[in-house]
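start_10.pdb (PDB, C-alpha atoms) appears below.
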ATOM      1  CA  MET A   1     105.276  89.597  61.361
ATOM      2  CA  ASN A   2     102.285  88.290  59.446
ATOM      3  CA  VAL A   3     101.242  85.152  61.307
ATOM      4  CA  VAL A   4      99.517  83.729  58.226
ATOM      5  CA  ASP A   5     102.511  83.360  55.957
ATOM      6  CA  GLU A   6     103.144  80.609  53.429
ATOM      7  CA  GLN A   7     104.299  78.241  56.166
ATOM      8  CA  ALA A   8     101.100  78.791  58.168
ATOM      9  CA  ARG A   9      98.935  78.331  55.090
ATOM     10  CA  GLY A  10     100.643  75.007  54.497
ATOM     11  CA  LEU A  11     100.015  73.942  58.105
ATOM     12  CA  ILE A  12      96.357  74.851  57.771
ATOM     13  CA  ARG A  13      96.086  72.958  54.500
ATOM     14  CA  ARG A  14      97.550  69.824  56.059
ATOM     15  CA  ALA A  15      95.339  70.160  59.141
ATOM     16  CA  LEU A  16      92.258  70.275  56.910
ATOM     17  CA  GLU A  17      93.467  67.292  54.912
ATOM     18  CA  GLU A  18      93.901  65.378  58.167
ATOM     19  CA  ASP A  19      90.375  66.205  59.368
ATOM     20  CA  VAL A  20      88.301  66.313  56.181
ATOM     21  CA  GLY A  21      90.008  63.580  54.173
ATOM     22  CA  ALA A  22      87.774  62.510  51.277
ATOM     23  CA  GLY A  23      84.909  64.630  52.600
ATOM     24  CA  ASP A  24      82.740  65.588  55.592
ATOM     25  CA  VAL A  25      80.292  62.694  55.337
ATOM     26  CA  THR A  26      78.099  63.782  58.257
ATOM     27  CA  THR A  27      77.541  67.268  56.923
ATOM     28  CA  GLN A  28      76.972  66.031  53.390
ATOM     29  CA  ALA A  29      74.420  63.536  54.680
ATOM     30  CA  VAL A  30      72.255  65.849  56.780
ATOM     31  CA  ILE A  31      72.773  69.449  55.582
ATOM     32  CA  PRO A  32      71.051  70.417  52.320
ATOM     33  CA  GLU A  33      73.378  71.674  49.615
ATOM     34  CA  GLY A  34      73.092  75.429  49.200
ATOM     35  CA  LYS A  35      71.794  76.049  52.746
ATOM     36  CA  GLN A  36      73.101  79.427  53.960
ATOM     37  CA  GLY A  37      73.721  80.488  57.523
ATOM     38  CA  ARG A  38      75.643  82.574  60.011
ATOM     39  CA  ALA A  39      77.911  81.452  62.833
ATOM     40  CA  VAL A  40      79.907  83.166  65.557
ATOM     41  CA  ILE A  41      82.864  82.015  67.591
ATOM     42  CA  LEU A  42      82.311  82.906  71.249
ATOM     43  CA  ALA A  43      84.574  83.082  74.283
ATOM     44  CA  ARG A  44      83.039  81.039  77.091
ATOM     45  CA  GLY A  45      85.406  82.507  79.667
ATOM     46  CA  PRO A  46      87.870  85.372  80.084
ATOM     47  CA  CYS A  47      90.899  85.012  77.821
ATOM     48  CA  VAL A  48      93.522  86.791  75.721
ATOM     49  CA  VAL A  49      92.750  86.236  72.059
ATOM     50  CA  ALA A  50      95.352  84.845  69.669
ATOM     51  CA  GLY A  51      94.977  83.206  66.274
ATOM     52  CA  LEU A  52      92.034  84.973  64.664
ATOM     53  CA  PRO A  53      93.849  85.401  61.304
ATOM     54  CA  VAL A  54      94.615  81.677  61.392
ATOM     55  CA  ALA A  55      90.958  80.811  61.991
ATOM     56  CA  VAL A  56      89.925  83.094  59.135
ATOM     57  CA  GLU A  57      92.386  81.333  56.824
ATOM     58  CA  VAL A  58      90.880  77.968  57.762
ATOM     59  CA  PHE A  59      87.412  79.111  56.718
ATOM     60  CA  ARG A  60      88.738  80.635  53.500
ATOM     61  CA  GLN A  61      90.628  77.488  52.555
ATOM     62  CA  VAL A  62      87.480  75.423  53.040
ATOM     63  CA  ASP A  63      85.349  77.874  51.059
ATOM     64  CA  PRO A  64      86.645  81.156  49.612
ATOM     65  CA  ASP A  65      83.049  82.424  49.462
ATOM     66  CA  LEU A  66      82.639  82.398  53.235
ATOM     67  CA  ARG A  67      82.513  85.928  54.644
ATOM     68  CA  CYS A  68      84.462  86.499  57.871
ATOM     69  CA  ARG A  69      84.150  89.552  60.100
ATOM     70  CA  LEU A  70      86.390  90.098  63.101
ATOM     71  CA  ARG A  71      84.540  90.934  66.317
ATOM     72  CA  SER A  72      87.738  91.050  68.362
ATOM     73  CA  GLU A  73      91.461  91.196  67.629
ATOM     74  CA  ASP A  74      94.568  89.318  68.632
ATOM     75  CA  ALA A  75      96.097  90.323  71.995
ATOM     76  CA  GLN A  76      92.733  91.681  73.205
ATOM     77  CA  VAL A  77      91.430  90.658  76.628
ATOM     78  CA  VAL A  78      87.822  89.491  76.320
ATOM     79  CA  GLU A  79      85.160  88.346  78.758
ATOM     80  CA  ALA A  80      82.788  85.401  78.679
ATOM     81  CA  GLY A  81      80.149  85.710  75.976
ATOM     82  CA  GLN A  82      82.091  88.044  73.712
ATOM     83  CA  GLU A  83      82.005  87.307  69.982
ATOM     84  CA  LEU A  84      85.426  86.855  68.423
ATOM     85  CA  LEU A  85      84.572  86.086  64.811
ATOM     86  CA  GLU A  86      81.459  86.084  62.638
ATOM     87  CA  ILE A  87      81.236  83.844  59.571
ATOM     88  CA  GLU A  88      78.485  83.799  56.930
ATOM     89  CA  GLY A  89      77.916  81.516  53.970
ATOM     90  CA  ALA A  90      77.260  77.885  53.137
ATOM     91  CA  VAL A  91      76.370  75.922  56.266
ATOM     92  CA  ARG A  92      78.176  72.859  54.919
ATOM     93  CA  SER A  93      81.392  74.864  54.713
ATOM     94  CA  LEU A  94      80.905  76.379  58.167
ATOM     95  CA  LEU A  95      80.564  72.976  59.775
ATOM     96  CA  THR A  96      83.420  71.400  57.834
ATOM     97  CA  ALA A  97      85.815  74.169  58.914
ATOM     98  CA  GLU A  98      84.562  74.433  62.510
ATOM     99  CA  ARG A  99      86.823  72.001  64.365
ATOM    100  CA  THR A 100      90.076  72.870  62.607
ATOM    101  CA  ALA A 101      89.476  76.596  63.097
ATOM    102  CA  LEU A 102      88.675  76.087  66.775
ATOM    103  CA  ASN A 103      91.658  73.790  67.326
ATOM    104  CA  PHE A 104      94.077  76.479  66.175
ATOM    105  CA  LEU A 105      92.236  79.304  67.923
ATOM    106  CA  GLN A 106      91.762  77.509  71.239
ATOM    107  CA  ARG A 107      95.395  76.403  71.349
ATOM    108  CA  MET A 108      96.810  79.833  70.535
ATOM    109  CA  THR A 109      94.395  81.701  72.804
ATOM    110  CA  GLY A 110      95.243  79.335  75.652
ATOM    111  CA  ILE A 111      98.947  80.109  75.256
ATOM    112  CA  ALA A 112      98.323  83.863  75.102
ATOM    113  CA  SER A 113      96.090  83.728  78.182
ATOM    114  CA  LEU A 114      98.607  81.773  80.281
ATOM    115  CA  THR A 115     101.436  84.055  79.145
ATOM    116  CA  ARG A 116      99.461  87.112  80.216
ATOM    117  CA  GLN A 117      99.094  85.666  83.716
ATOM    118  CA  PHE A 118     102.877  85.410  84.063
ATOM    119  CA  VAL A 119     103.417  88.854  82.528
ATOM    120  CA  ASP A 120     100.952  90.386  84.970
ATOM    121  CA  ARG A 121     102.722  88.743  87.922
ATOM    122  CA  VAL A 122     106.026  90.483  87.076
ATOM    123  CA  ALA A 123     104.528  93.818  85.994
ATOM    124  CA  GLY A 124     106.641  96.778  87.051
ATOM    125  CA  THR A 125     109.856  94.797  87.502
ATOM    126  CA  GLY A 126     111.180  95.193  83.954
ATOM    127  CA  VAL A 127     111.647  91.417  83.723
ATOM    128  CA  LYS A 128     110.766  89.778  80.405
ATOM    129  CA  ILE A 129     108.798  86.555  80.239
ATOM    130  CA  LEU A 130     110.358  84.274  77.603
ATOM    131  CA  ASP A 131     109.133  81.156  75.873
ATOM    132  CA  THR A 132     111.339  78.168  74.956
ATOM    133  CA  ARG A 133     111.711  75.568  72.194
ATOM    134  CA  LYS A 134     109.272  73.288  74.040
ATOM    135  CA  THR A 135     106.640  73.729  71.360
ATOM    136  CA  THR A 136     104.355  71.458  69.342
ATOM    137  CA  PRO A 137     106.336  70.168  66.334
ATOM    138  CA  THR A 138     105.609  72.275  63.204
ATOM    139  CA  LEU A 139     103.516  74.792  65.221
ATOM    140  CA  ARG A 140     106.376  76.773  66.758
ATOM    141  CA  ALA A 141     105.847  79.983  64.770
ATOM    142  CA  LEU A 142     102.146  80.077  65.674
ATOM    143  CA  GLU A 143     102.736  79.250  69.336
ATOM    144  CA  LYS A 144     105.479  81.827  69.704
ATOM    145  CA  TYR A 145     103.209  84.387  68.028
ATOM    146  CA  ALA A 146     100.601  83.535  70.683
ATOM    147  CA  VAL A 147     103.198  84.192  73.406
ATOM    148  CA  ARG A 148     103.725  87.662  71.965
ATOM    149  CA  CYS A 149      99.957  88.239  71.949
ATOM    150  CA  GLY A 150     100.023  87.507  75.671
ATOM    151  CA  GLY A 151     102.730  90.105  76.275
ATOM    152  CA  GLY A 152     105.657  87.695  76.438
ATOM    153  CA  SER A 153     108.850  87.711  74.393
ATOM    154  CA  ASN A 154     110.363  85.044  72.190
ATOM    155  CA  HIS A 155     113.596  83.286  73.051
ATOM    156  CA  ARG A 156     115.497  81.799  70.107
ATOM    157  CA  MET A 157     113.296  80.450  67.323
ATOM    158  CA  GLY A 158     115.439  77.356  66.802
ATOM    159  CA  LEU A 159     118.903  75.885  66.882
ATOM    160  CA  TYR A 160     120.110  78.268  64.182
ATOM    161  CA  ASP A 161     119.711  81.787  65.576
ATOM    162  CA  MET A 162     121.446  81.601  68.961
ATOM    163  CA  VAL A 163     124.189  79.511  70.542
ATOM    164  CA  LEU A 164     122.924  78.042  73.833
ATOM    165  CA  ILE A 165     125.510  75.914  75.624
ATOM    166  CA  LYS A 166     123.604  73.608  77.999
ATOM    167  CA  ASP A 167     124.596  70.795  80.337
ATOM    168  CA  ASN A 168     124.926  68.077  77.681
ATOM    169  CA  HIS A 169     127.046  70.329  75.468
ATOM    170  CA  ARG A 170     129.244  71.113  78.460
ATOM    171  CA  ARG A 171     129.649  67.445  79.367
ATOM    172  CA  PHE A 172     131.070  66.524  75.970
ATOM    173  CA  TRP A 173     133.117  69.718  75.847
ATOM    174  CA  GLN A 174     134.753  68.781  79.134
ATOM    175  CA  GLU A 175     135.305  65.189  78.012
ATOM    176  CA  ALA A 176     137.359  66.644  75.180
ATOM    177  CA  GLY A 177     139.785  67.818  77.859
ATOM    178  CA  ILE A 178     138.738  71.467  78.131
ATOM    179  CA  ARG A 179     137.162  72.302  81.460
ATOM    180  CA  ASP A 180     136.340  76.004  81.331
ATOM    181  CA  LEU A 181     133.085  77.541  80.150
ATOM    182  CA  CYS A 182     134.971  80.629  79.023
ATOM    183  CA  GLY A 183     136.657  78.498  76.378
ATOM    184  CA  ALA A 184     133.334  77.075  75.218
ATOM    185  CA  VAL A 185     131.921  80.581  74.781
ATOM    186  CA  GLN A 186     135.002  81.695  72.864
ATOM    187  CA  ALA A 187     134.886  78.598  70.638
ATOM    188  CA  ALA A 188     131.268  79.348  69.741
ATOM    189  CA  ARG A 189     132.141  82.979  69.049
ATOM    190  CA  ARG A 190     134.948  81.981  66.675
ATOM    191  CA  LYS A 191     132.779  79.460  64.839
ATOM    192  CA  PHE A 192     129.717  81.682  64.493
ATOM    193  CA  PRO A 193     130.682  85.360  64.809
ATOM    194  CA  GLY A 194     127.682  87.640  64.958
ATOM    195  CA  ILE A 195     125.359  85.060  66.536
ATOM    196  CA  PRO A 196     124.446  85.681  70.203
ATOM    197  CA  VAL A 197     125.906  83.253  72.721
ATOM    198  CA  GLU A 198     124.246  82.058  75.923
ATOM    199  CA  VAL A 199     125.635  79.555  78.417
ATOM    200  CA  GLU A 200     123.846  77.684  81.184
ATOM    201  CA  VAL A 201     125.369  77.703  84.686
ATOM    202  CA  GLU A 202     124.429  76.058  87.970
ATOM    203  CA  SER A 203     126.636  77.874  90.489
ATOM    204  CA  GLU A 204     128.436  81.135  91.206
ATOM    205  CA  GLU A 205     131.736  79.491  90.242
ATOM    206  CA  GLU A 206     130.406  78.514  86.835
ATOM    207  CA  LEU A 207     128.969  81.999  86.405
ATOM    208  CA  ALA A 208     132.351  83.615  87.074
ATOM    209  CA  ASP A 209     133.971  81.233  84.590
ATOM    210  CA  ALA A 210     131.386  81.917  81.881
ATOM    211  CA  LEU A 211     131.594  85.686  82.373
ATOM    212  CA  ARG A 212     135.233  85.668  81.286
ATOM    213  CA  GLY A 213     134.068  84.652  77.805
ATOM    214  CA  LEU A 214     131.746  87.685  77.552
ATOM    215  CA  PRO A 215     128.549  85.920  76.423
ATOM    216  CA  GLU A 216     125.461  87.984  75.658
ATOM    217  CA  TRP A 217     123.357  85.885  78.032
ATOM    218  CA  ILE A 218     123.878  83.515  80.952
ATOM    219  CA  MET A 219     121.110  81.151  82.042
ATOM    220  CA  LEU A 220     120.765  80.512  85.777
ATOM    221  CA  ASP A 221     119.473  76.960  85.811
ATOM    222  CA  ASN A 222     117.218  75.710  88.622
ATOM    223  CA  MET A 223     118.597  78.082  91.259
ATOM    224  CA  ASP A 224     116.737  79.225  94.341
ATOM    225  CA  PRO A 225     116.117  82.982  94.697
ATOM    226  CA  ASP A 226     118.954  83.514  97.187
ATOM    227  CA  ARG A 227     121.521  82.019  94.830
ATOM    228  CA  MET A 228     120.068  84.032  91.947
ATOM    229  CA  ARG A 229     120.555  87.241  93.937
ATOM    230  CA  ARG A 230     124.194  86.365  94.545
ATOM    231  CA  CYS A 231     124.644  85.691  90.841
ATOM    232  CA  VAL A 232     123.039  89.013  89.922
ATOM    233  CA  ARG A 233     125.493  90.834  92.192
ATOM    234  CA  LEU A 234     128.428  88.851  90.818
ATOM    235  CA  CYS A 235     127.410  89.517  87.223
ATOM    236  CA  GLY A 236     127.267  93.265  87.737
ATOM    237  CA  ARG A 237     125.355  93.827  84.500
ATOM    238  CA  ARG A 238     128.219  92.492  82.376
ATOM    239  CA  CYS A 239     125.657  90.409  80.477
ATOM    240  CA  LYS A 240     121.960  89.578  80.581
ATOM    241  CA  LEU A 241     120.773  86.954  83.061
ATOM    242  CA  GLU A 242     117.945  84.513  82.381
ATOM    243  CA  ALA A 243     116.334  82.428  85.126
ATOM    244  CA  SER A 244     115.045  79.031  84.074
ATOM    245  CA  GLY A 245     113.712  75.818  85.540
ATOM    246  CA  GLY A 246     110.456  74.920  87.259
ATOM    247  CA  VAL A 247     108.959  78.404  87.162
ATOM    248  CA  THR A 248     105.297  78.599  88.205
ATOM    249  CA  LEU A 249     102.763  81.349  88.826
ATOM    250  CA  ALA A 250     103.431  80.858  92.535
ATOM    251  CA  THR A 251     107.188  81.428  92.221
ATOM    252  CA  VAL A 252     107.646  83.816  89.298
ATOM    253  CA  ASP A 253     107.285  87.054  91.294
ATOM    254  CA  ALA A 254     109.975  86.011  93.778
ATOM    255  CA  ILE A 255     112.285  85.133  90.892
ATOM    256  CA  ALA A 256     111.638  88.480  89.214
ATOM    257  CA  ALA A 257     112.536  90.240  92.477
ATOM    258  CA  THR A 258     116.095  88.829  92.351
ATOM    259  CA  GLY A 259     117.086  91.262  89.599
ATOM    260  CA  VAL A 260     117.377  88.889  86.639
ATOM    261  CA  ASP A 261     116.601  90.284  83.196
ATOM    262  CA  ALA A 262     114.311  87.522  81.957
ATOM    263  CA  ILE A 263     112.520  84.353  83.039
ATOM    264  CA  SER A 264     111.988  81.514  80.575
ATOM    265  CA  ILE A 265     109.010  79.202  81.008
ATOM    266  CA  GLY A 266     108.528  76.059  78.930
ATOM    267  CA  GLY A 267     105.017  75.662  80.284
ATOM    268  CA  LEU A 268     103.792  78.656  78.278
ATOM    269  CA  THR A 269     103.693  76.408  75.233
ATOM    270  CA  HIS A 270     103.894  72.814  76.437
ATOM    271  CA  SER A 271     101.304  73.016  79.227
ATOM    272  CA  ALA A 272      98.893  75.849  78.400
ATOM    273  CA  PRO A 273      95.261  74.700  78.680
ATOM    274  CA  ALA A 274      93.124  75.287  75.619
ATOM    275  CA  ALA A 275      90.823  78.284  75.829
ATOM    276  CA  ASP A 276      87.100  77.570  76.156
ATOM    277  CA  LEU A 277      85.685  78.744  72.828
ATOM    278  CA  SER A 278      82.742  77.539  70.761
ATOM    279  CA  LEU A 279      81.199  78.055  67.346
ATOM    280  CA  GLU A 280      77.452  78.677  67.426
ATOM    281  CA  LEU A 281      75.205  78.632  64.359
ATOM    282  CA  GLN A 282      72.743  81.515  64.468
TER     283      GLN A 282
END
Would you write out, as structure tokens, the structure that this file holds?
Amino acid sequence: MNVVDEQARGLIRRALEEDVGAGDVTTQAVIPEGKQGRAVILARGPCVVAGLPVAVEVFRQVDPDLRCRLRSEDAQVVEAGQELLEIEGAVRSLLTAERTALNFLQRMTGIASLTRQFVDRVAGTGVKILDTRKTTPTLRALEKYAVRCGGGSNHRMGLYDMVLIKDNHRRFWQEAGIRDLCGAVQAARRKFPGIPVEVEVESEEELADALRGLPEWIMLDNMDPDRMRRCVRLCGRRCKLEASGGVTLATVDAIAATGVDAISIGGLTHSAPAADLSLELQ
């Protein structure tokens, strides 16, 4: 997947419109027109890079004559002081593009770096680290790309590519007079054949009920590791099991040891700290 597709270019265009507006008055006031220079984006701490093509597109949209040279690449682990990107050209353009380029790059690199920490914690278990839909509105494709740069995997992209029957769906389903989760899975299968179905459960009894509908995935919601182990044994590999709810770096290895197939973590995208990066004029 090319991260800088037409959708991403539109996001970048709107981000620049938001920041630049009618013009960068500070730069126009104090930087002589025609002044040329060179800048580099530096990592100020260890991180996993994500978003360099996005940063390059920011500079090119501000000024197509700016010359960008990659000094790193997405998904690469870098140390403090390493150059990620070199940009040459009009100093006015460099400064106008600086903050928008860094905003995208710091956000995406932060997500990739946090994801890598979780991936490293479960290394050797075969468990996948999944993201969720808890993303910044309009930035989902970029943030999920950053998760992949960190070694994680993407859950569904939206409401359209997977059926996921959660607690609120189940509540209204049961109010309609149908109690079993098996029936909910089968109803989804009839309505949308060919689309994967996942159902959330909170107990072994609900798991057994859902299994009768043969979903592709079952989500074990907010269970402790002992209950997860019992659910793994009960499932017997009849479908994939996803653990979800309150997962942290302190608990993820114990969850992975239960035998689940994947662990989903909303914090990868909604709580990742921005990476410490800076643009330095040379």
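Listed by chain and then by number, the residues chosen by the PyMOL selection byres ((chain A and resi 189) around 12) in this file are Met162, Val163, Leu164, Ile165, Cys182, Gly183, Ala184, Val185, Gln186, Ala187, Ala188, Arg190, Lys191, Phe192, Pro193, Gly194, Ile195, Pro196, Val197, Glu198, Val199, Gly213, Leu214, Pro215 and Glu216 of chain A.
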Go ahead and save the residues from that selection, with C-alpha atoms, as a compact mmCIF listing (two decimals), in the coordinates of the input.
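The resulting file, selection_5.txt, is reproduced below:
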# COMPACT_ATOMS: atom_id res chain seq x y z
CA MET A 162 121.45 81.60 68.96
CA VAL A 163 124.19 79.51 70.54
CA LEU A 164 122.92 78.04 73.83
CA ILE A 165 125.51 75.91 75.62
CA CYS A 182 134.97 80.63 79.02
CA GLY A 183 136.66 78.50 76.38
CA ALA A 184 133.33 77.08 75.22
CA VAL A 185 131.92 80.58 74.78
CA GLN A 186 135.00 81.69 72.86
CA ALA A 187 134.89 78.60 70.64
CA ALA A 188 131.27 79.35 69.74
CA ARG A 190 134.95 81.98 66.68
CA LYS A 191 132.78 79.46 64.84
CA PHE A 192 129.72 81.68 64.49
CA PRO A 193 130.68 85.36 64.81
CA GLY A 194 127.68 87.64 64.96
CA ILE A 195 125.36 85.06 66.54
CA PRO A 196 124.45 85.68 70.20
CA VAL A 197 125.91 83.25 72.72
CA GLU A 198 124.25 82.06 75.92
CA VAL A 199 125.64 79.56 78.42
CA GLY A 213 134.07 84.65 77.81
CA LEU A 214 131.75 87.68 77.55
CA PRO A 215 128.55 85.92 76.42
CA GLU A 216 125.46 87.98 75.66
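Of the listed residues A:Arg148, A:Arg9, A:Arg99, A:Lys128, the one whose atoms come nearest to Ala50 (chain A) is A:Arg148, with distances taken using only C-alpha atoms.
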message = Taking 6 positions as the minimum chain separation for residues in the same chain, which residues sit within 10 Å of region 24-41 of chain A when counting only C-alpha atoms? Answer as number ranges by chain.
response = A: 55, 66-71, 81-98, 101-102, 105, 277-282
Residue neighbourhood region 150-153 of chain A, 7 Å, only C-alpha atoms, exclusion window fewer than 2 positions, as a PyMOL selection string = chain A and resi 48+75+112-113+115-116+119+128-131+146-148+155
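Comparing A:Asp253, A:Ala43, A:Asp167, A:Arg156 by their smallest distance to Arg140 (chain A), the closest is A:Arg156 (using all atoms listed in the file).
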